[in-house]
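First up is the structure itself, then whatever we jot down about it.
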Amino acid sequence: MRVLLVEDDLQLARDIHQTLRSEGFTANHVTYAKSALLTIKTNGCDMLILDLGLPDMDGLTLLKKIRQMKVNMPVLILTAREPIEDKIKGLDQGADDSTSKPFDVNELIARLRVIERRLGTATSSTITIGEVSLDCASHQLSVAEQIMERSRREFMLLKVLLEQAGRIQSREQLESNLYEWGEEVASNAVEVHIHHLRKKLPEAFIKTIRGVGYSVKASPSIGP
């Protein structure tokens, strides 16, 4: 999941960004509404965390503009405003959820997980295909009930492939889910992660479609 955080409180933004990364989200941050609009138009994202008190535009106005663009990505709004009317306006203008500042970052992550499940990219915290099981909440990977060590990137990569089982993911698509703006990405980075994952997974679990990308050839069965 590629998350765009629109927040002008830099310390809060750093805290949220760090937590998102640790939870396996690819997160980018902008401070201004105009930057958010440009990012959505040019790069896109899967989910938006939107502060209502932005320096160059009211967050509700930005949300209205986004929905006028016919962009249907989920939006979770953050607000330090007390009146319930602001939350109601946000939901009426297309927000999927809201939370008031100050808030517990773990609660924010839990809300994002709920939205993620609504998107259909994860109907449960656990995705299982054959002998491979990935718990998206604990980040635990098991193969034939044996716990396997994995890096953060390997977790993120396998999660995308399992969620999109039966669909081919190009190297560019995988890179966009693994790396954030400004990160230096080696030309063979995805191939290296795939190589390491294959050592831990059943033979031929990840298929290579030459010149196109990679795929897990199955439909996920969802664990409890």
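Order determines the names: the first chain of the structure tokens is A, the second B, and so forth; residues in each chain are numbered 1 upward, and ligands are numbered 1 upward as they are shown.
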key: Long-range neighbours of A:Ser100 as a VMD selection string, 6 Å cut-off, only C-alpha atoms, 4 positions minimum in chain   = chain A and resid 78 to 80
inquiry  = Give me the residues near stretch 4-8 of chain A as an MDAnalysis selection string, where near means some atom within 8 Å (using only C-alpha atoms) and where sequence neighbours in that chain fewer than 4 positions away do not count.
reply    = chainID A and resid 12:13 17 27:33 36 45:51 53:55
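Using only C-alpha atoms, the smallest distance between any of A:Asp58, A:Glu23, A:Asp97, A:Glu107 and A:His139 comes from A:Glu23.
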query = Which polymer residues have any atom within 12 Å of an atom of A:Arg171, counting only C-alpha atoms, with same-chain residues fewer than 6 positions away left out, as an MDAnalysis selection string?
reply = chainID A and resid 157 160:161 177:179 185:194 208:215
task = From the DSSP assignment of the backbone, select every residue of stretch 14-216 of chain A that is strand (DSSP E), and format the answer as a PyMOL selection string.
result = chain A and resi 26-30+47-51+75-79+97-100+126-129+132-135+140-143+146-148+206-209+213-216
Go ahead and save the picked residues with N, CA and C atoms, as a CSV table (one decimal), in the first residue's frame.
```csv
chain,number,residue,atom,x,y,z
A,26,THR,N,4.4,1.7,2.1
A,26,THR,CA,5.3,2.6,1.5
A,26,THR,C,4.7,4.0,1.6
A,27,ALA,N,5.4,4.9,2.3
A,27,ALA,CA,4.8,6.2,2.7
A,27,ALA,C,5.7,7.4,2.2
A,28,ASN,N,5.0,8.4,1.6
A,28,ASN,CA,5.6,9.6,1.2
A,28,ASN,C,4.8,10.8,1.9
A,29,HIS,N,5.5,11.9,2.1
A,29,HIS,CA,5.0,13.0,2.9
A,29,HIS,C,5.1,14.3,2.1
A,30,VAL,N,4.0,15.1,2.1
A,30,VAL,CA,4.1,16.5,1.6
A,30,VAL,C,3.4,17.4,2.7
A,47,MET,N,-3.7,5.3,-0.8
A,47,MET,CA,-4.4,5.8,0.4
A,47,MET,C,-3.8,7.1,0.8
A,48,LEU,N,-4.7,8.0,1.3
A,48,LEU,CA,-4.3,9.4,1.7
A,48,LEU,C,-4.6,9.6,3.2
A,49,ILE,N,-3.6,10.1,3.9
A,49,ILE,CA,-3.8,10.6,5.3
A,49,ILE,C,-3.8,12.1,5.2
A,50,LEU,N,-4.9,12.7,5.5
A,50,LEU,CA,-5.0,14.2,5.3
A,50,LEU,C,-5.3,15.0,6.5
A,51,ASP,N,-4.4,15.9,6.8
A,51,ASP,CA,-4.6,16.8,7.9
A,51,ASP,C,-5.5,18.0,7.4
A,75,VAL,N,-9.5,7.9,2.0
A,75,VAL,CA,-8.9,9.1,2.7
A,75,VAL,C,-9.3,9.0,4.1
A,76,LEU,N,-8.2,9.1,5.0
A,76,LEU,CA,-8.4,9.2,6.4
A,76,LEU,C,-8.0,10.6,6.8
A,77,ILE,N,-8.9,11.4,7.5
A,77,ILE,CA,-8.6,12.7,7.8
A,77,ILE,C,-8.2,12.8,9.3
A,78,LEU,N,-7.2,13.8,9.5
A,78,LEU,CA,-6.7,14.1,10.9
A,78,LEU,C,-7.2,15.5,11.2
A,79,THR,N,-7.6,15.7,12.4
A,79,THR,CA,-8.1,17.0,12.7
A,79,THR,C,-7.8,17.3,14.2
A,97,ASP,N,-12.7,7.8,6.8
A,97,ASP,CA,-12.6,7.7,8.3
A,97,ASP,C,-11.9,9.0,8.8
A,98,SER,N,-12.0,9.2,10.1
A,98,SER,CA,-11.4,10.4,10.7
A,98,SER,C,-10.9,10.0,12.1
A,99,THR,N,-9.9,10.8,12.5
A,99,THR,CA,-9.5,10.7,13.9
A,99,THR,C,-9.0,12.0,14.4
A,100,SER,N,-9.2,12.3,15.7
A,100,SER,CA,-8.8,13.6,16.2
A,100,SER,C,-7.5,13.6,16.9
A,126,THR,N,-4.1,-12.4,7.7
A,126,THR,CA,-3.2,-13.5,7.2
A,126,THR,C,-3.6,-13.9,5.8
A,127,ILE,N,-2.6,-14.0,4.9
A,127,ILE,CA,-2.8,-14.5,3.6
A,127,ILE,C,-2.1,-15.8,3.4
A,128,THR,N,-2.8,-16.8,3.0
A,128,THR,CA,-2.2,-18.2,2.9
A,128,THR,C,-2.4,-18.7,1.5
A,129,ILE,N,-1.3,-19.2,0.9
A,129,ILE,CA,-1.4,-19.9,-0.4
A,129,ILE,C,-0.5,-21.1,-0.3
A,132,VAL,N,2.5,-21.6,2.2
A,132,VAL,CA,3.0,-20.2,2.5
A,132,VAL,C,2.0,-19.4,3.2
A,133,SER,N,2.3,-18.9,4.4
A,133,SER,CA,1.4,-18.0,5.1
A,133,SER,C,2.1,-16.8,5.6
A,134,LEU,N,1.4,-15.6,5.3
A,134,LEU,CA,2.0,-14.3,5.7
A,134,LEU,C,1.0,-13.6,6.6
A,135,ASP,N,1.4,-13.3,7.8
A,135,ASP,CA,0.6,-12.6,8.8
A,135,ASP,C,0.9,-11.1,8.6
A,140,GLN,N,4.8,-12.0,10.3
A,140,GLN,CA,5.4,-13.3,10.4
A,140,GLN,C,5.2,-14.1,9.1
A,141,LEU,N,6.3,-14.7,8.6
A,141,LEU,CA,6.2,-15.5,7.4
A,141,LEU,C,6.4,-17.0,7.8
A,142,SER,N,5.6,-17.9,7.5
A,142,SER,CA,5.8,-19.3,7.8
A,142,SER,C,5.6,-20.1,6.5
A,143,VAL,N,6.4,-21.1,6.3
A,143,VAL,CA,6.4,-22.0,5.2
A,143,VAL,C,6.3,-23.4,5.8
A,146,GLN,N,6.7,-23.6,9.4
A,146,GLN,CA,8.0,-23.2,10.0
A,146,GLN,C,8.2,-21.7,9.8
A,147,ILE,N,8.5,-21.0,10.9
A,147,ILE,CA,8.8,-19.6,10.8
A,147,ILE,C,10.1,-19.3,10.0
A,148,MET,N,10.0,-18.3,9.1
A,148,MET,CA,11.1,-18.0,8.3
A,148,MET,C,11.5,-16.5,8.5
A,206,ILE,N,7.2,-18.4,-6.8
A,206,ILE,CA,7.2,-17.1,-7.5
A,206,ILE,C,7.6,-17.4,-9.0
A,207,LYS,N,6.7,-17.1,-9.9
A,207,LYS,CA,6.9,-17.4,-11.3
A,207,LYS,C,7.5,-16.1,-11.9
A,208,THR,N,8.5,-16.3,-12.8
A,208,THR,CA,9.0,-15.2,-13.6
A,208,THR,C,8.4,-15.3,-15.0
A,209,ILE,N,7.8,-14.2,-15.4
A,209,ILE,CA,7.3,-14.1,-16.8
A,209,ILE,C,8.3,-13.2,-17.5
A,213,GLY,N,7.3,-9.6,-15.8
A,213,GLY,CA,7.3,-9.4,-14.4
A,213,GLY,C,7.3,-10.7,-13.6
A,214,TYR,N,6.6,-10.7,-12.5
A,214,TYR,CA,6.5,-11.8,-11.6
A,214,TYR,C,5.1,-12.0,-11.1
A,215,SER,N,4.8,-13.3,-10.7
A,215,SER,CA,3.5,-13.6,-10.3
A,215,SER,C,3.5,-14.8,-9.3
A,216,VAL,N,2.5,-14.8,-8.4
A,216,VAL,CA,2.2,-16.0,-7.6
A,216,VAL,C,1.0,-16.7,-8.2
```
query = Restricting the calculation to only C-alpha atoms, which member of A:Ala165, A:Leu197, A:Ser125, A:Glu85 is positioned closest to A:Ala110?
reply = A:Ser125
Do you know which residues are at most 8 Å from stretch 18-22 of chain A counting only C-alpha atoms, after dropping those on the same chain fewer than 5 positions away, and could you put them as an mmCIF file with all heavy atoms, in the first residue's frame?
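For reference, out-v4.cif as written:
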```cif
data_model
loop_
_atom_site.group_PDB
_atom_site.id
_atom_site.type_symbol
_atom_site.label_atom_id
_atom_site.label_comp_id
_atom_site.auth_asym_id
_atom_site.auth_seq_id
_atom_site.Cartn_x
_atom_site.Cartn_y
_atom_site.Cartn_z
ATOM 1 N N ALA A 27 5.440 4.921 2.302
ATOM 2 C CA ALA A 27 4.849 6.203 2.681
ATOM 3 C C ALA A 27 5.666 7.368 2.153
ATOM 4 O O ALA A 27 6.896 7.359 2.210
ATOM 5 C CB ALA A 27 4.734 6.305 4.203
ATOM 6 N N VAL A 105 -0.697 6.485 17.552
ATOM 7 C CA VAL A 105 -0.285 6.086 16.204
ATOM 8 C C VAL A 105 -0.710 4.645 15.904
ATOM 9 O O VAL A 105 -1.057 4.313 14.777
ATOM 10 C CB VAL A 105 1.241 6.261 16.024
ATOM 11 C CG1 VAL A 105 1.673 5.764 14.657
ATOM 12 C CG2 VAL A 105 1.626 7.713 16.193
ATOM 13 N N ILE A 109 -2.781 3.163 12.628
ATOM 14 C CA ILE A 109 -2.417 2.012 11.812
ATOM 15 C C ILE A 109 -3.566 1.013 11.752
ATOM 16 O O ILE A 109 -3.865 0.451 10.685
ATOM 17 C CB ILE A 109 -1.149 1.334 12.360
ATOM 18 C CG1 ILE A 109 0.046 2.281 12.262
ATOM 19 C CG2 ILE A 109 -0.864 0.027 11.614
ATOM 20 C CD1 ILE A 109 0.398 2.692 10.850
ATOM 21 N N ARG A 152 12.450 -6.444 5.822
ATOM 22 C CA ARG A 152 11.264 -5.598 5.630
ATOM 23 C C ARG A 152 10.878 -5.547 4.164
ATOM 24 O O ARG A 152 9.696 -5.644 3.822
ATOM 25 C CB ARG A 152 11.545 -4.185 6.150
ATOM 26 C CG ARG A 152 10.328 -3.257 6.123
ATOM 27 C CD ARG A 152 10.672 -1.919 6.731
ATOM 28 N NE ARG A 152 11.518 -1.138 5.876
ATOM 29 C CZ ARG A 152 11.061 -0.270 4.946
ATOM 30 N NH1 ARG A 152 9.756 -0.131 4.767
ATOM 31 N NH2 ARG A 152 11.890 0.427 4.211
#
```
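When only C-alpha atoms are used to compute distances to A:Ala144, the closest of the residues A:Lys70, A:Gly130, A:Ile88, A:Asp104 turns out to be A:Gly130.
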query = stretch 96-177 of chain A: which residues are helix (DSSP H, G or I) by DSSP, as number ranges by chain?
reply = A: 105-119, 152-163, 171-177
